[in-house]
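What follows is the content of target.cif, which has mmCIF, C-alpha atoms:
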data_input
#
loop_
_atom_site.label_atom_id
_atom_site.label_comp_id
_atom_site.auth_asym_id
_atom_site.auth_seq_id
_atom_site.Cartn_x
_atom_site.Cartn_y
_atom_site.Cartn_z
CA MET A 94 -28.63 0.64 92.22
CA PRO A 95 -27.19 3.26 94.54
CA ALA A 96 -29.42 6.18 95.39
CA LYS A 97 -26.60 8.36 94.12
CA LEU A 98 -25.41 8.31 90.51
CA ARG A 99 -21.65 8.56 90.99
CA SER A 100 -20.30 7.58 87.60
CA LEU A 101 -21.26 7.49 83.94
CA ASN A 102 -21.82 3.74 84.42
CA ASP A 103 -24.37 4.44 87.18
CA ALA A 104 -26.11 6.86 84.83
CA PHE A 105 -26.05 4.23 82.07
CA VAL A 106 -27.71 1.59 84.29
CA HIS A 107 -30.26 4.18 85.49
CA GLU A 108 -31.15 5.06 81.90
CA LEU A 109 -31.26 1.39 80.85
CA ARG A 110 -33.84 0.73 83.59
CA ASP A 111 -35.83 3.74 82.43
CA ILE A 112 -36.01 2.62 78.79
CA LEU A 113 -36.86 -0.97 79.79
CA GLY A 114 -39.79 0.40 81.83
CA ALA A 115 -40.78 2.66 78.94
CA GLU A 116 -40.76 -0.17 76.36
CA LYS A 117 -42.88 -2.35 78.63
CA GLN A 118 -45.41 0.47 78.97
CA VAL A 119 -45.42 0.82 75.17
CA VAL A 120 -46.18 -2.88 74.71
CA LYS A 121 -49.24 -2.56 76.97
CA ALA A 122 -50.41 0.59 75.22
CA LEU A 123 -49.96 -0.88 71.73
CA ARG A 124 -51.91 -3.98 72.75
CA MET A 125 -54.82 -1.74 73.75
CA THR A 126 -54.75 0.74 70.89
CA SER A 127 -53.24 -0.75 67.74
CA ARG A 128 -56.49 -2.38 66.65
CA ARG A 129 -58.37 0.93 66.92
CA ALA A 130 -56.68 2.28 63.78
CA SER A 131 -59.12 2.34 60.87
CA SER A 132 -56.51 2.35 58.11
CA GLU A 133 -55.26 -1.16 57.44
CA GLU A 134 -51.81 0.19 56.65
CA LEU A 135 -51.59 1.89 60.05
CA ARG A 136 -53.03 -1.14 61.87
CA THR A 137 -50.38 -3.35 60.27
CA ALA A 138 -47.60 -0.88 61.09
CA LEU A 139 -48.64 -0.69 64.74
CA ALA A 140 -49.03 -4.47 65.06
CA GLU A 141 -45.58 -4.97 63.54
CA HIS A 142 -44.14 -2.37 65.86
CA LEU A 143 -45.65 -4.27 68.80
CA ASP A 144 -43.71 -7.40 67.77
CA GLN A 145 -40.62 -5.29 67.22
CA THR A 146 -40.93 -3.72 70.68
CA GLU A 147 -41.01 -7.17 72.28
CA GLY A 148 -37.75 -7.94 70.46
CA GLN A 149 -36.29 -4.65 71.70
CA ILE A 150 -37.11 -5.60 75.29
CA GLY A 151 -35.12 -8.81 74.75
CA ARG A 152 -32.14 -6.77 73.52
CA ILE A 153 -32.30 -4.44 76.54
CA GLU A 154 -32.29 -7.49 78.83
CA ARG A 155 -29.22 -8.83 77.01
CA ALA A 156 -27.59 -5.41 77.37
CA PHE A 157 -28.03 -5.64 81.17
CA GLN A 158 -26.54 -9.14 81.17
CA SER A 159 -23.62 -8.07 78.98
CA ILE A 160 -22.46 -5.63 81.66
CA GLY A 161 -23.16 -7.99 84.58
CA GLU A 162 -26.15 -6.04 85.89
CA THR A 163 -29.47 -7.45 87.09
CA VAL A 164 -32.30 -6.85 84.65
CA ARG A 165 -34.61 -4.36 86.29
CA ALA A 166 -37.15 -1.89 84.93
CA LYS A 167 -38.14 1.39 86.49
CA SER A 168 -41.45 3.05 85.79
CA CYS A 169 -40.81 5.81 83.23
CA ALA A 170 -42.64 9.00 84.19
CA ALA A 171 -42.07 10.53 80.77
CA MET A 172 -43.65 7.60 78.93
CA THR A 173 -46.49 7.57 81.47
CA GLY A 174 -47.16 11.19 80.58
CA ILE A 175 -46.99 10.62 76.82
CA LEU A 176 -49.35 7.64 77.02
CA GLU A 177 -51.77 9.36 79.43
CA GLU A 178 -52.12 12.29 77.04
CA GLY A 179 -52.52 9.84 74.19
CA VAL A 180 -55.32 7.90 75.86
CA GLU A 181 -57.10 11.15 76.73
CA ALA A 182 -56.82 12.45 73.15
CA LEU A 183 -58.02 9.16 71.65
CA ARG A 184 -61.01 9.19 74.01
CA LYS A 185 -61.97 12.65 72.72
CA ALA A 186 -61.29 12.03 69.03
CA ASP A 187 -63.95 11.31 66.43
CA THR A 188 -63.36 8.20 64.32
CA ASP A 189 -62.37 10.32 61.30
CA ILE A 190 -59.30 11.74 62.97
CA LEU A 191 -58.39 8.79 65.18
CA ASP A 192 -55.66 7.60 62.82
CA ALA A 193 -54.05 11.03 62.57
CA MET A 194 -54.03 11.26 66.37
CA LEU A 195 -52.65 7.72 66.75
CA ILE A 196 -49.78 8.61 64.44
CA GLY A 197 -49.02 11.83 66.34
CA ILE A 198 -48.91 9.98 69.67
CA SER A 199 -46.83 7.13 68.24
CA GLN A 200 -44.29 9.62 66.93
CA LYS A 201 -43.96 11.13 70.41
CA VAL A 202 -43.30 7.61 71.72
CA GLU A 203 -40.69 6.96 68.99
CA HIS A 204 -38.95 10.26 69.59
CA TYR A 205 -38.71 9.68 73.33
CA GLU A 206 -37.05 6.37 72.58
CA ILE A 207 -34.76 7.85 69.91
CA ALA A 208 -33.49 10.35 72.50
CA ALA A 209 -33.06 7.68 75.18
CA TYR A 210 -31.28 5.17 72.92
CA GLY A 211 -29.16 7.95 71.43
CA THR A 212 -27.87 8.87 74.89
CA LEU A 213 -27.40 5.20 75.86
CA CYS A 214 -25.41 4.46 72.67
CA SER A 215 -23.21 7.47 73.22
CA TRP A 216 -22.55 6.47 76.85
CA ALA A 217 -22.00 2.78 75.92
CA LYS A 218 -19.31 3.88 73.49
CA GLU A 219 -17.57 6.04 76.08
CA LEU A 220 -17.77 3.24 78.67
CA GLY A 221 -16.50 0.56 76.31
CA HIS A 222 -19.75 -1.45 76.66
CA GLU A 223 -19.42 -2.84 73.15
CA GLU A 224 -22.08 -5.55 73.16
CA ALA A 225 -24.63 -3.36 74.96
CA GLY A 226 -23.87 -0.55 72.52
CA MET A 227 -24.47 -2.80 69.54
CA LEU A 228 -27.77 -4.08 70.92
CA LEU A 229 -29.02 -0.60 71.76
CA HIS A 230 -27.96 0.70 68.38
CA GLN A 231 -30.19 -1.90 66.74
CA ASN A 232 -33.10 -0.61 68.83
CA LEU A 233 -32.23 2.98 67.93
CA ASP A 234 -32.22 2.16 64.22
CA GLU A 235 -35.58 0.38 64.49
CA GLU A 236 -37.15 3.37 66.27
CA LYS A 237 -35.89 5.74 63.58
CA GLN A 238 -37.31 3.48 60.88
CA ALA A 239 -40.62 3.18 62.74
CA ASP A 240 -40.82 6.97 62.98
CA GLU A 241 -40.04 7.36 59.27
CA ARG A 242 -42.73 4.81 58.37
CA LEU A 243 -45.28 6.78 60.44
CA VAL A 244 -44.32 9.99 58.59
CA GLN A 245 -45.00 8.24 55.28
CA ILE A 246 -48.36 6.83 56.41
CA ALA A 247 -49.35 10.23 57.87
CA GLY A 248 -48.69 11.90 54.53
CA ARG A 249 -51.12 9.56 52.81
CA LEU A 250 -53.78 9.66 55.55
CA ASN A 251 -53.87 13.40 56.23
CA GLN A 252 -54.74 14.11 52.63
CA ARG A 253 -57.88 12.04 53.08
CA VAL A 254 -58.88 13.66 56.40
CA ALA A 255 -58.29 17.38 55.81
CA MET B 33 -62.21 24.03 72.79
CA PRO B 34 -64.90 21.38 72.47
CA ALA B 35 -64.55 18.32 74.69
CA LYS B 36 -64.72 16.30 71.49
CA LEU B 37 -62.10 16.54 68.75
CA ARG B 38 -64.30 16.36 65.65
CA SER B 39 -61.96 17.51 62.92
CA LEU B 40 -58.29 17.73 62.05
CA ASN B 41 -58.53 21.43 62.92
CA ASP B 42 -59.74 20.56 66.43
CA ALA B 43 -56.80 18.19 66.76
CA PHE B 44 -54.47 20.95 65.51
CA VAL B 45 -55.68 23.44 68.12
CA HIS B 46 -55.50 20.74 70.84
CA GLU B 47 -51.88 19.99 69.89
CA LEU B 48 -50.99 23.70 69.65
CA ARG B 49 -52.20 24.18 73.24
CA ASP B 50 -50.17 21.17 74.32
CA ILE B 51 -46.91 22.43 72.80
CA LEU B 52 -47.48 25.94 74.18
CA GLY B 53 -47.86 24.43 77.66
CA ALA B 54 -44.78 22.26 77.09
CA GLU B 55 -42.59 25.19 75.97
CA LYS B 56 -43.66 27.24 78.99
CA GLN B 57 -42.68 24.34 81.26
CA VAL B 58 -39.31 24.14 79.46
CA VAL B 59 -38.64 27.84 80.08
CA LYS B 60 -39.20 27.35 83.82
CA ALA B 61 -37.00 24.24 83.90
CA LEU B 62 -34.18 25.87 81.93
CA ARG B 63 -34.25 28.89 84.25
CA MET B 64 -33.69 26.52 87.19
CA THR B 65 -31.13 24.16 85.68
CA SER B 66 -29.11 25.82 82.92
CA ARG B 67 -26.67 27.43 85.35
CA ARG B 68 -25.92 24.06 86.99
CA ALA B 69 -23.93 22.87 83.96
CA SER B 70 -20.21 22.88 84.74
CA SER B 71 -19.02 23.05 81.13
CA GLU B 72 -19.10 26.60 79.86
CA GLU B 73 -20.00 25.37 76.38
CA LEU B 74 -23.07 23.54 77.74
CA ARG B 75 -24.06 26.45 79.99
CA THR B 76 -23.94 28.78 76.99
CA ALA B 77 -25.92 26.36 74.82
CA LEU B 78 -28.66 25.99 77.46
CA ALA B 79 -28.83 29.74 78.09
CA GLU B 80 -29.13 30.41 74.36
CA HIS B 81 -31.80 27.74 74.09
CA LEU B 82 -33.71 29.47 76.87
CA ASP B 83 -33.80 32.69 74.81
CA GLN B 84 -34.73 30.69 71.75
CA THR B 85 -37.59 28.97 73.58
CA GLU B 86 -39.04 32.35 74.53
CA GLY B 87 -39.00 33.27 70.85
CA GLN B 88 -40.71 29.98 70.02
CA ILE B 89 -43.50 30.75 72.46
CA GLY B 90 -44.04 34.01 70.59
CA ARG B 91 -44.33 32.11 67.30
CA ILE B 92 -46.85 29.66 68.76
CA GLU B 93 -48.94 32.62 69.96
CA ARG B 94 -48.82 34.10 66.45
CA ALA B 95 -49.83 30.71 65.04
CA PHE B 96 -52.97 30.78 67.23
CA GLN B 97 -53.76 34.30 66.06
CA SER B 98 -53.19 33.42 62.41
CA ILE B 99 -56.03 30.88 62.56
CA GLY B 100 -58.34 33.09 64.64
CA GLU B 101 -58.03 31.03 67.82
CA THR B 102 -57.56 32.32 71.37
CA VAL B 103 -54.04 31.75 72.68
CA ARG B 104 -54.35 29.12 75.38
CA ALA B 105 -51.88 26.65 76.89
CA LYS B 106 -52.73 23.28 78.35
CA SER B 107 -50.50 21.56 80.88
CA CYS B 108 -48.47 18.94 79.00
CA ALA B 109 -48.37 15.66 80.96
CA ALA B 110 -45.60 14.28 78.76
CA MET B 111 -43.31 17.25 79.41
CA THR B 112 -44.20 17.11 83.11
CA GLY B 113 -43.01 13.50 83.13
CA ILE B 114 -39.78 14.25 81.23
CA LEU B 115 -38.92 17.16 83.53
CA GLU B 116 -39.86 15.26 86.74
CA GLU B 117 -37.52 12.45 85.79
CA GLY B 118 -34.87 14.98 84.90
CA VAL B 119 -35.09 16.79 88.22
CA GLU B 120 -34.92 13.47 90.09
CA ALA B 121 -31.87 12.33 88.10
CA LEU B 122 -30.07 15.65 88.59
CA ARG B 123 -30.74 15.44 92.31
CA LYS B 124 -29.06 12.02 92.43
CA ALA B 125 -26.15 12.82 90.11
CA ASP B 126 -22.61 13.58 91.28
CA THR B 127 -21.10 16.77 89.90
CA ASP B 128 -18.86 14.82 87.51
CA ILE B 129 -21.74 13.41 85.51
CA LEU B 130 -24.20 16.28 85.87
CA ASP B 131 -23.42 17.63 82.41
CA ALA B 132 -23.89 14.24 80.73
CA MET B 133 -27.26 13.88 82.49
CA LEU B 134 -28.31 17.43 81.60
CA ILE B 135 -27.61 16.70 77.94
CA GLY B 136 -29.57 13.43 78.04
CA ILE B 137 -32.59 15.14 79.58
CA SER B 138 -32.38 18.10 77.20
CA GLN B 139 -32.37 15.72 74.24
CA LYS B 140 -35.56 14.09 75.52
CA VAL B 141 -37.10 17.56 75.69
CA GLU B 142 -35.94 18.38 72.14
CA HIS B 143 -37.21 15.10 70.76
CA TYR B 144 -40.64 15.54 72.34
CA GLU B 145 -40.84 18.91 70.65
CA ILE B 146 -39.54 17.61 67.32
CA ALA B 147 -42.35 15.03 67.31
CA ALA B 148 -44.98 17.59 68.31
CA TYR B 149 -43.90 20.24 65.77
CA GLY B 150 -43.52 17.57 63.09
CA THR B 151 -47.16 16.56 63.56
CA LEU B 152 -48.32 20.19 63.73
CA CYS B 153 -46.46 21.11 60.52
CA SER B 154 -47.93 18.13 58.70
CA TRP B 155 -51.46 19.02 59.87
CA ALA B 156 -50.99 22.74 59.11
CA LYS B 157 -50.10 21.81 55.54
CA GLU B 158 -53.16 19.60 55.13
CA LEU B 159 -55.39 22.28 56.66
CA GLY B 160 -53.99 25.09 54.53
CA HIS B 161 -52.80 26.99 57.64
CA GLU B 162 -49.90 28.54 55.75
CA GLU B 163 -48.72 31.18 58.22
CA ALA B 164 -49.05 28.85 61.21
CA GLY B 165 -47.20 26.16 59.29
CA MET B 166 -44.35 28.53 58.48
CA LEU B 167 -44.02 29.67 62.11
CA LEU B 168 -44.10 26.12 63.46
CA HIS B 169 -41.56 24.99 60.88
CA GLN B 170 -39.14 27.60 62.17
CA ASN B 171 -39.59 26.14 65.67
CA LEU B 172 -39.11 22.61 64.34
CA ASP B 173 -35.85 23.59 62.62
CA GLU B 174 -34.56 25.27 65.78
CA GLU B 175 -35.31 22.17 67.88
CA LYS B 176 -33.48 19.94 65.41
CA GLN B 177 -30.48 22.28 65.48
CA ALA B 178 -30.56 22.42 69.29
CA ASP B 179 -30.59 18.62 69.42
CA GLU B 180 -27.68 18.40 66.97
CA ARG B 181 -25.69 20.92 69.01
CA LEU B 182 -26.25 18.80 72.15
CA VAL B 183 -25.00 15.70 70.32
CA GLN B 184 -21.81 17.57 69.42
CA ILE B 185 -21.27 18.84 72.97
CA ALA B 186 -21.99 15.35 74.40
CA GLY B 187 -19.32 13.84 72.18
CA ARG B 188 -16.73 16.21 73.60
CA LEU B 189 -17.87 15.94 77.23
CA ASN B 190 -18.32 12.15 77.49
CA GLN B 191 -14.71 11.60 76.53
CA ARG B 192 -13.69 13.57 79.56
CA VAL B 193 -16.11 11.78 81.94
CA ALA B 194 -15.75 8.10 80.99
#
Any chance you could put this one into structure tokens?
Amino acid sequence: MPAKLRSLNDAFVHELRDILGAEKQVVKALRMTSRRASSEELRTALAEHLDQTEGQIGRIERAFQSIGETVRAKSCAAMTGILEEGVEALRKADTDILDAMLIGISQKVEHYEIAAYGTLCSWAKELGHEEAGMLLHQNLDEEKQADERLVQIAGRLNQRVA
Amino acid sequence: MPAKLRSLNDAFVHELRDILGAEKQVVKALRMTSRRASSEELRTALAEHLDQTEGQIGRIERAFQSIGETVRAKSCAAMTGILEEGVEALRKADTDILDAMLIGISQKVEHYEIAAYGTLCSWAKELGHEEAGMLLHQNLDEEKQADERLVQIAGRLNQRVA
């Protein structure tokens, strides 16, 4: 990767490395936190999203290969920040509101990824990276569905907590 | 603010301080970067979003007041991470792709805020914080519109860059 980003393709590879790093950080975080949810519905959703995230990492790796680039992740400062705040909030939260907090943090994670995949899909289209675009679009759709599922669970949980 | 978050209201105030900090960081970042866009359409959109963000800060302050809480911002680690990455990417980017990068970063900012306001609106509803909920919903709608506008601009710009 050149230090300079000279073309839209350079930017695409840069962003692909960022989201690969981000997804790997999410896997670690979900492994630590998903079992802390007290609602069974939320615990199941987070565990399923952990499996899904591992599949997404596989797709990102195939996206790299499809454009002849070495698979490489870069540490994602944005995801680091989101997860740091999340860990701090969970540490402070009483059991009663842990699930509501977990959902709020997870939605920040999903939305970061929705933005990143949205940009990548748009760039893949412009660059003619068809296979990569298709793979990343699948990830984008899964993140949107995961976010929507969290909204539904939140609606049911908040009524119990408030 | 207690060190512990014991209730959904504590979580609400915690999150309100986070988004106030985040929006203040966005104002600073937009002041530094919005003029770097080469497309006039993008420059206008970013400048208008800067004005809009200042209005959003006012609404957050009124939301604090409406629930009898002192207006206080907390530094938002997630936004710090998003903006750090953005500044680094802009530093590396050639002029030709600066606009595409600016849009990508701005969408990450918007999506962080969409997630945060979404959670706050849902909690405000559960807590019966009607006025705060209404104010935060206005911010949420503006962020969604800002994101949509960026998608439209990106579509037009990427065709020129690729």
| Distance filter 6 Å, only C-alpha atoms, chain A against chain B, as an MDAnalysis selection string | chainID A and resid 97:99 170:171 174:175 185:187 197 200:201 204:205 208 212 219:220 255
| task | Could you give me, as a PyMOL selection string, the residues that have an atom at most 8 Å away from the point (-49.0, 3.4, 59.0) in the coordinates of the file, using all atoms listed in the file? | result | chain A and resi 132-139+196+242-243+245-247
Using all C-alpha atoms paired in order, least-squares fit chain B onto chain A and give me the moved copy as a CSV table (one decimal) with C-alpha atoms, in the coordinates of the input.
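So the final result, stored in result01.csv, reads:
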chain,number,residue,atom,x,y,z
B,33,MET,CA,-28.7,0.6,92.2
B,34,PRO,CA,-27.2,3.2,94.5
B,35,ALA,CA,-29.4,6.2,95.4
B,36,LYS,CA,-26.6,8.4,94.1
B,37,LEU,CA,-25.4,8.3,90.5
B,38,ARG,CA,-21.6,8.5,91.0
B,39,SER,CA,-20.3,7.6,87.6
B,40,LEU,CA,-21.3,7.5,83.9
B,41,ASN,CA,-21.8,3.7,84.4
B,42,ASP,CA,-24.4,4.4,87.2
B,43,ALA,CA,-26.1,6.9,84.8
B,44,PHE,CA,-26.0,4.2,82.1
B,45,VAL,CA,-27.7,1.6,84.3
B,46,HIS,CA,-30.3,4.2,85.5
B,47,GLU,CA,-31.1,5.1,81.9
B,48,LEU,CA,-31.3,1.4,80.8
B,49,ARG,CA,-33.8,0.7,83.6
B,50,ASP,CA,-35.8,3.7,82.4
B,51,ILE,CA,-36.0,2.6,78.8
B,52,LEU,CA,-36.9,-1.0,79.8
B,53,GLY,CA,-39.8,0.4,81.8
B,54,ALA,CA,-40.8,2.7,78.9
B,55,GLU,CA,-40.8,-0.2,76.4
B,56,LYS,CA,-42.9,-2.4,78.6
B,57,GLN,CA,-45.4,0.5,79.0
B,58,VAL,CA,-45.4,0.8,75.2
B,59,VAL,CA,-46.2,-2.9,74.7
B,60,LYS,CA,-49.2,-2.6,77.0
B,61,ALA,CA,-50.4,0.6,75.2
B,62,LEU,CA,-50.0,-0.9,71.7
B,63,ARG,CA,-51.9,-4.0,72.8
B,64,MET,CA,-54.8,-1.7,73.8
B,65,THR,CA,-54.8,0.8,70.9
B,66,SER,CA,-53.2,-0.7,67.7
B,67,ARG,CA,-56.5,-2.4,66.7
B,68,ARG,CA,-58.4,0.9,66.9
B,69,ALA,CA,-56.7,2.3,63.8
B,70,SER,CA,-59.1,2.3,60.9
B,71,SER,CA,-56.5,2.3,58.1
B,72,GLU,CA,-55.2,-1.1,57.4
B,73,GLU,CA,-51.8,0.2,56.6
B,74,LEU,CA,-51.6,1.9,60.1
B,75,ARG,CA,-53.0,-1.1,61.9
B,76,THR,CA,-50.4,-3.3,60.3
B,77,ALA,CA,-47.6,-0.9,61.1
B,78,LEU,CA,-48.6,-0.7,64.8
B,79,ALA,CA,-49.0,-4.5,65.0
B,80,GLU,CA,-45.6,-5.0,63.5
B,81,HIS,CA,-44.1,-2.4,65.9
B,82,LEU,CA,-45.6,-4.3,68.8
B,83,ASP,CA,-43.7,-7.4,67.8
B,84,GLN,CA,-40.6,-5.3,67.2
B,85,THR,CA,-40.9,-3.7,70.7
B,86,GLU,CA,-41.0,-7.2,72.3
B,87,GLY,CA,-37.7,-7.9,70.5
B,88,GLN,CA,-36.3,-4.7,71.7
B,89,ILE,CA,-37.1,-5.6,75.3
B,90,GLY,CA,-35.1,-8.8,74.7
B,91,ARG,CA,-32.1,-6.8,73.5
B,92,ILE,CA,-32.3,-4.4,76.5
B,93,GLU,CA,-32.3,-7.5,78.8
B,94,ARG,CA,-29.2,-8.8,77.0
B,95,ALA,CA,-27.6,-5.4,77.4
B,96,PHE,CA,-28.0,-5.6,81.2
B,97,GLN,CA,-26.5,-9.1,81.2
B,98,SER,CA,-23.6,-8.1,79.0
B,99,ILE,CA,-22.5,-5.6,81.7
B,100,GLY,CA,-23.1,-8.0,84.6
B,101,GLU,CA,-26.1,-6.0,85.9
B,102,THR,CA,-29.5,-7.5,87.1
B,103,VAL,CA,-32.3,-6.9,84.6
B,104,ARG,CA,-34.6,-4.4,86.3
B,105,ALA,CA,-37.2,-1.9,84.9
B,106,LYS,CA,-38.1,1.4,86.5
B,107,SER,CA,-41.4,3.1,85.8
B,108,CYS,CA,-40.8,5.8,83.2
B,109,ALA,CA,-42.7,9.0,84.2
B,110,ALA,CA,-42.1,10.5,80.8
B,111,MET,CA,-43.7,7.6,78.9
B,112,THR,CA,-46.5,7.6,81.5
B,113,GLY,CA,-47.2,11.2,80.6
B,114,ILE,CA,-47.0,10.6,76.8
B,115,LEU,CA,-49.4,7.6,77.0
B,116,GLU,CA,-51.8,9.4,79.4
B,117,GLU,CA,-52.1,12.3,77.0
B,118,GLY,CA,-52.5,9.9,74.2
B,119,VAL,CA,-55.3,7.9,75.9
B,120,GLU,CA,-57.1,11.2,76.7
B,121,ALA,CA,-56.8,12.5,73.2
B,122,LEU,CA,-58.0,9.2,71.7
B,123,ARG,CA,-61.0,9.2,74.0
B,124,LYS,CA,-62.0,12.7,72.7
B,125,ALA,CA,-61.3,12.0,69.0
B,126,ASP,CA,-64.0,11.3,66.4
B,127,THR,CA,-63.4,8.2,64.3
B,128,ASP,CA,-62.4,10.3,61.3
B,129,ILE,CA,-59.3,11.7,63.0
B,130,LEU,CA,-58.4,8.8,65.2
B,131,ASP,CA,-55.7,7.6,62.8
B,132,ALA,CA,-54.1,11.0,62.6
B,133,MET,CA,-54.0,11.2,66.4
B,134,LEU,CA,-52.7,7.7,66.8
B,135,ILE,CA,-49.8,8.6,64.4
B,136,GLY,CA,-49.0,11.8,66.3
B,137,ILE,CA,-48.9,10.0,69.7
B,138,SER,CA,-46.8,7.1,68.2
B,139,GLN,CA,-44.3,9.6,66.9
B,140,LYS,CA,-44.0,11.1,70.4
B,141,VAL,CA,-43.3,7.6,71.7
B,142,GLU,CA,-40.7,7.0,69.0
B,143,HIS,CA,-39.0,10.3,69.6
B,144,TYR,CA,-38.7,9.7,73.3
B,145,GLU,CA,-37.1,6.4,72.6
B,146,ILE,CA,-34.8,7.8,69.9
B,147,ALA,CA,-33.5,10.4,72.5
B,148,ALA,CA,-33.1,7.7,75.2
B,149,TYR,CA,-31.3,5.2,72.9
B,150,GLY,CA,-29.2,8.0,71.4
B,151,THR,CA,-27.9,8.9,74.9
B,152,LEU,CA,-27.4,5.2,75.9
B,153,CYS,CA,-25.4,4.5,72.7
B,154,SER,CA,-23.2,7.5,73.2
B,155,TRP,CA,-22.5,6.4,76.8
B,156,ALA,CA,-22.0,2.8,75.9
B,157,LYS,CA,-19.3,3.9,73.5
B,158,GLU,CA,-17.5,6.0,76.1
B,159,LEU,CA,-17.8,3.2,78.7
B,160,GLY,CA,-16.5,0.5,76.3
B,161,HIS,CA,-19.7,-1.5,76.7
B,162,GLU,CA,-19.4,-2.9,73.1
B,163,GLU,CA,-22.1,-5.6,73.2
B,164,ALA,CA,-24.6,-3.4,75.0
B,165,GLY,CA,-23.9,-0.6,72.5
B,166,MET,CA,-24.4,-2.8,69.5
B,167,LEU,CA,-27.8,-4.1,70.9
B,168,LEU,CA,-29.0,-0.6,71.8
B,169,HIS,CA,-28.0,0.7,68.4
B,170,GLN,CA,-30.2,-1.9,66.7
B,171,ASN,CA,-33.1,-0.6,68.8
B,172,LEU,CA,-32.2,3.0,67.9
B,173,ASP,CA,-32.2,2.2,64.2
B,174,GLU,CA,-35.6,0.4,64.5
B,175,GLU,CA,-37.1,3.4,66.3
B,176,LYS,CA,-35.9,5.7,63.6
B,177,GLN,CA,-37.3,3.5,60.9
B,178,ALA,CA,-40.6,3.2,62.7
B,179,ASP,CA,-40.8,7.0,63.0
B,180,GLU,CA,-40.0,7.4,59.3
B,181,ARG,CA,-42.7,4.8,58.4
B,182,LEU,CA,-45.3,6.8,60.4
B,183,VAL,CA,-44.3,10.0,58.6
B,184,GLN,CA,-45.0,8.2,55.3
B,185,ILE,CA,-48.3,6.8,56.4
B,186,ALA,CA,-49.3,10.2,57.9
B,187,GLY,CA,-48.7,11.9,54.5
B,188,ARG,CA,-51.1,9.5,52.8
B,189,LEU,CA,-53.8,9.6,55.6
B,190,ASN,CA,-53.9,13.4,56.2
B,191,GLN,CA,-54.8,14.1,52.6
B,192,ARG,CA,-57.9,12.0,53.1
B,193,VAL,CA,-58.9,13.6,56.4
B,194,ALA,CA,-58.3,17.4,55.8
| query | Can you list what the PyMOL selection byres ((chain A and resi 231) around 12) grabs from this structure, as a list of chain:residue names? | reply | A:Gln145, A:Thr146, A:Gly148, A:Gln149, A:Ile150, A:Gly151, A:Arg152, A:Ile153, A:Ala156, A:Ile207, A:Tyr210, A:Gly211, A:Leu213, A:Cys214, A:Glu224, A:Ala225, A:Gly226, A:Met227, A:Leu228, A:Leu229, A:His230, A:Asn232, A:Leu233, A:Asp234, A:Glu235, A:Glu236, A:Lys237, A:Gln238
Could you work out an axis-aligned box for segment 229-244 of chain A, taking every atom the file lists and adding 4 Å on each side, and report centre and edge lengths in Å to one decimal, as AutoDock Vina command-line options?
--center_x -36.6 --center_y 4.0 --center_z 65.1 --size_x 25.3 --size_y 19.9 --size_z 21.4
| request: Could you tell me which residues the PyMOL selection byres ((chain A and resi 167) around 9) returns for this structure, as number ranges by chain? | output: A: 107, 109-115, 165-166, 168-169
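When atom CA of Glu181 of chain A is paired with atom CA of Arg124 of chain A, their separation reads 16.5 Å.
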